[in-house]
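Working notes, beginning with the structure itself.
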Amino acid sequence: MNVSKTITTLLLVLFIFTISWAQQKNDCHLGNGKERALRGICSHVISPELYDGEYSYVTKFKKAAGVTPEDSEEEMYRKIREVWDKYEDCLICDTIAFSLRGGSILKAATVSLNKNFYNTVIKWGVNLNRIDTVDGKTVLDFIQDKIAINPPNIEFYRAYYNVLKEHGAKHAADILAEKNN
């Protein structure tokens with residue numbers, strides 16, 4: 001009887017794990033409709049390519065947002081912000097080119113020194129204050145950590161720390177303190 005009970009318990013645990021994993025995957029399943037365009041977005045942020053004078057990540061976000069040539073610049077930004085907000089938890093990088101598995105694409109842009117991506121997302125007005133579950137930090141915290149280790153490209157980190165802060169980026173501790181007040 002103990003063996004039967006153990007097997008039943010193990011099967012139940014496996015079942016629950018499978019359901020939670022499938023739910024997590026379904027939440028970020030980018031396979032239906034326009035949002036499919038966001039698949040592989042990390043590689044486009046880490047190693048951007050120009051197509052017809054536009055960075056590949058811009059093209060992918062525009063496609064996911066359903067931007068049309070008739071859209072004004074502000075309408076395009078609004079549509080992209082909506083897609084960003086809707087799929088923000090899916091805009092994470094699990095790639096060999098980025099050591100923080102599960103970190104946001106903002107952090108991936110930091111590691112790849114992609115100032116053009118930062119300039120673009122600031123222009124779009126997207127959320128710069130996501131606290132990643134993988135490390136409990138925002139992009140501002142992440143950059144501060146990079147500055148602390150005094151890398152050869154410290155000036156890039158200092159500059160973008162200041163730029164992001166000027167555009168509303170915050171530290172996780174500040175965000176959590178605001179929520180508690």
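Identifiers in this document derive from the order of the structure tokens: chains are assigned A, B, ..., residues are numbered from 1 separately in each chain, and ligands are numbered from 1 in order of occurrence.
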(message) Report as a VMD selection string all protein, DNA and RNA residues lying within 10 Å of A:Lys79, evaluated on only C-alpha atoms, omitting residues in the same chain fewer than 4 positions from it.
(response) chain A and resid 61 to 62 64 to 67 71 73 to 75 83 to 85 124
Keeping only C-alpha atoms, write the selected residues as a PDB file, in the first residue's frame.
```pdb
ATOM      1  CA  PHE A  61       7.535  45.418 -32.574  1.00  0.00           C
ATOM      2  CA  LYS A  62       5.737  47.322 -35.321  1.00  0.00           C
ATOM      3  CA  ALA A  64       3.360  42.745 -33.420  1.00  0.00           C
ATOM      4  CA  ALA A  65       1.563  46.025 -32.729  1.00  0.00           C
ATOM      5  CA  GLY A  66      -0.182  46.105 -36.100  1.00  0.00           C
ATOM      6  CA  VAL A  67       1.379  49.424 -37.059  1.00  0.00           C
ATOM      7  CA  ASP A  71      -0.342  55.535 -38.424  1.00  0.00           C
ATOM      8  CA  GLU A  73       4.299  58.465 -35.018  1.00  0.00           C
ATOM      9  CA  GLU A  74       2.347  58.912 -31.764  1.00  0.00           C
ATOM     10  CA  GLU A  75      -0.173  56.230 -32.806  1.00  0.00           C
ATOM     11  CA  VAL A  83       2.038  45.315 -27.028  1.00  0.00           C
ATOM     12  CA  TRP A  84       4.947  45.906 -24.643  1.00  0.00           C
ATOM     13  CA  ASP A  85       2.568  46.147 -21.677  1.00  0.00           C
ATOM     14  CA  TRP A 124       8.216  54.695 -27.364  1.00  0.00           C
TER      15      TRP A 124
END
```
Name all residues at most 12 Å from A:Lys63 (count only C-alpha atoms; drop same-chain ones fewer than 4 positions away) and give them as a short mmCIF file (atom, residue, chain, number, x, y, z; two decimals) with N, CA and C atoms, in the first residue's frame.
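Output file out_37.cif follows:
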```
data_model
loop_
_atom_site.label_atom_id
_atom_site.label_comp_id
_atom_site.auth_asym_id
_atom_site.auth_seq_id
_atom_site.Cartn_x
_atom_site.Cartn_y
_atom_site.Cartn_z
N GLY A 33 -1.46 35.05 -34.04
CA GLY A 33 -1.65 36.41 -34.52
C GLY A 33 -0.37 37.21 -34.64
N LYS A 34 -0.54 38.52 -34.52
CA LYS A 34 0.55 39.46 -34.74
C LYS A 34 1.69 39.30 -33.73
N GLU A 35 1.35 38.88 -32.50
CA GLU A 35 2.39 38.79 -31.47
C GLU A 35 3.47 37.77 -31.81
N ARG A 36 3.20 36.91 -32.77
CA ARG A 36 4.21 35.94 -33.22
C ARG A 36 5.48 36.67 -33.67
N ALA A 37 5.31 37.90 -34.10
CA ALA A 37 6.45 38.69 -34.56
C ALA A 37 7.49 38.91 -33.46
N LEU A 38 7.10 38.76 -32.20
CA LEU A 38 8.03 38.99 -31.10
C LEU A 38 8.91 37.78 -30.79
N ARG A 39 8.65 36.67 -31.44
CA ARG A 39 9.51 35.50 -31.22
C ARG A 39 10.95 35.85 -31.57
N ILE A 41 12.89 37.93 -30.18
CA ILE A 41 13.19 39.36 -30.06
C ILE A 41 14.55 39.60 -29.41
N SER A 56 15.97 45.68 -36.80
CA SER A 56 15.08 44.52 -36.85
C SER A 56 14.12 44.46 -35.66
N TYR A 57 14.55 44.88 -34.47
CA TYR A 57 13.64 44.85 -33.32
C TYR A 57 12.51 45.86 -33.48
N VAL A 58 12.77 46.97 -34.15
CA VAL A 58 11.70 47.95 -34.42
C VAL A 58 10.68 47.33 -35.36
N THR A 59 11.16 46.69 -36.41
CA THR A 59 10.27 46.03 -37.37
C THR A 59 9.41 44.98 -36.68
N VAL A 67 1.15 48.07 -36.57
CA VAL A 67 1.38 49.42 -37.06
C VAL A 67 1.24 49.44 -38.58
N THR A 68 0.54 50.43 -39.07
CA THR A 68 0.34 50.58 -40.51
C THR A 68 1.06 51.84 -40.99
N PRO A 69 1.34 51.93 -42.28
CA PRO A 69 1.99 53.15 -42.81
C PRO A 69 1.16 54.41 -42.56
N MET A 76 1.77 55.01 -33.57
CA MET A 76 2.69 53.87 -33.60
C MET A 76 3.25 53.62 -32.20
N LYS A 79 0.58 52.04 -29.95
CA LYS A 79 0.36 50.62 -30.27
C LYS A 79 1.51 49.75 -29.75
N ILE A 80 2.71 50.23 -29.90
CA ILE A 80 3.87 49.46 -29.42
C ILE A 80 3.85 49.37 -27.90
N VAL A 83 1.46 46.65 -26.84
CA VAL A 83 2.04 45.32 -27.03
C VAL A 83 3.09 45.06 -25.95
#
```
(request) Enumerate the residues of stretch 58-139 of chain A with a DSSP assignment of strand (DSSP E or B), computed from the backbone, and present them as a list in words. (result)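 So the strand (DSSP E or B) residues in stretch 58-139 of chain A would be Ile92, Cys93, Gly103 and Ser104 of chain A.
Between A:Tyr77 and the candidates A:Cys42, A:Val121, A:Ala109, A:Cys93, the tightest atom-to-atom separation, counting only C-alpha atoms, involves A:Val121.
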(request) Determine which residues of stretch 10-175 of chain A receive a DSSP assignment of helix (DSSP H, G or I), computed from the backbone, and state them as a PyMOL selection string. (result) chain A and resi 10-27+33-38+41-46+56-65+73-90+105-111+115-124+139-148+154-166+172-175
(request) For A:Ala173, please output as a list in words all residues within 10 Å (counting only C-alpha atoms; exclusion window: fewer than 4 positions along the same chain). (result)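 The contact residues come out as Ile131, Gly136, Lys137, Thr138, Asp141, Ala177, Glu178 and Lys179 of chain A.
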Could the residues in this selection be written to a file with N, CA and C atoms, as a PDB file, in the first residue's frame?
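Wrote part.pdb, looks like this:
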```pdb
ATOM      1  N   ILE A 131      10.415  44.701 -12.568  1.00  0.00           N
ATOM      2  CA  ILE A 131      11.287  43.992 -11.628  1.00  0.00           C
ATOM      3  C   ILE A 131      11.297  42.531 -12.065  1.00  0.00           C
ATOM      4  N   GLY A 136      15.110  39.950  -8.989  1.00  0.00           N
ATOM      5  CA  GLY A 136      14.465  40.933  -8.116  1.00  0.00           C
ATOM      6  C   GLY A 136      14.920  42.358  -8.368  1.00  0.00           C
ATOM      7  N   LYS A 137      15.423  42.627  -9.573  1.00  0.00           N
ATOM      8  CA  LYS A 137      15.980  43.943  -9.879  1.00  0.00           C
ATOM      9  C   LYS A 137      15.374  44.543 -11.133  1.00  0.00           C
ATOM     10  N   THR A 138      15.424  45.868 -11.184  1.00  0.00           N
ATOM     11  CA  THR A 138      15.051  46.592 -12.393  1.00  0.00           C
ATOM     12  C   THR A 138      16.294  46.766 -13.257  1.00  0.00           C
ATOM     13  N   ASP A 141      18.809  48.928 -11.411  1.00  0.00           N
ATOM     14  CA  ASP A 141      19.611  48.154 -10.455  1.00  0.00           C
ATOM     15  C   ASP A 141      20.698  47.364 -11.178  1.00  0.00           C
ATOM     16  N   ALA A 177       8.911  50.375  -2.117  1.00  0.00           N
ATOM     17  CA  ALA A 177       8.584  51.329  -1.044  1.00  0.00           C
ATOM     18  C   ALA A 177       7.344  52.133  -1.412  1.00  0.00           C
ATOM     19  N   GLU A 178       7.229  52.527  -2.678  1.00  0.00           N
ATOM     20  CA  GLU A 178       6.038  53.271  -3.151  1.00  0.00           C
ATOM     21  C   GLU A 178       4.777  52.417  -3.018  1.00  0.00           C
ATOM     22  N   LYS A 179       4.896  51.139  -3.338  1.00  0.00           N
ATOM     23  CA  LYS A 179       3.744  50.231  -3.248  1.00  0.00           C
ATOM     24  C   LYS A 179       3.306  50.036  -1.798  1.00  0.00           C
TER      25      LYS A 179
END
```
(message) For a test of reading the model, state the distance in Å between atom CA of A:Asp145 and atom CA of A:Glu49, rounded to one decimal.
(response)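 Atom-to-atom, atom CA of A:Asp145 and atom CA of A:Glu49 are spaced 28.0 Å apart.
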(request) Kindly indicate which residue among A:Phe142, A:Glu166, A:Glu82, A:Val134 lies nearest to A:Ala108, using only C-alpha atoms for the distances. (result)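 Looking only at the distances to A:Ala108, the closest residue turns out to be A:Phe142.
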(message) Counting only C-alpha atoms, which residue out of A:Ala172, A:Leu140, A:Val126, A:Ile105 sits closest to A:Lys86?
(response)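 Answer, going by the shortest atom-to-atom distance: A:Val126.
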(request) Could you check which of A:Asn153, A:Asp94, A:Asp174, A:Asn180 is closest to A:Ser112, using only C-alpha atoms? (result)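 Of the candidates, the smallest distance to A:Ser112 is held by A:Asn153.
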(message) Nearest residue to A:Asn116 out of A:Arg130, A:Glu88, A:Gly40, A:Pro48, using only C-alpha atoms?
(response) A:Pro48
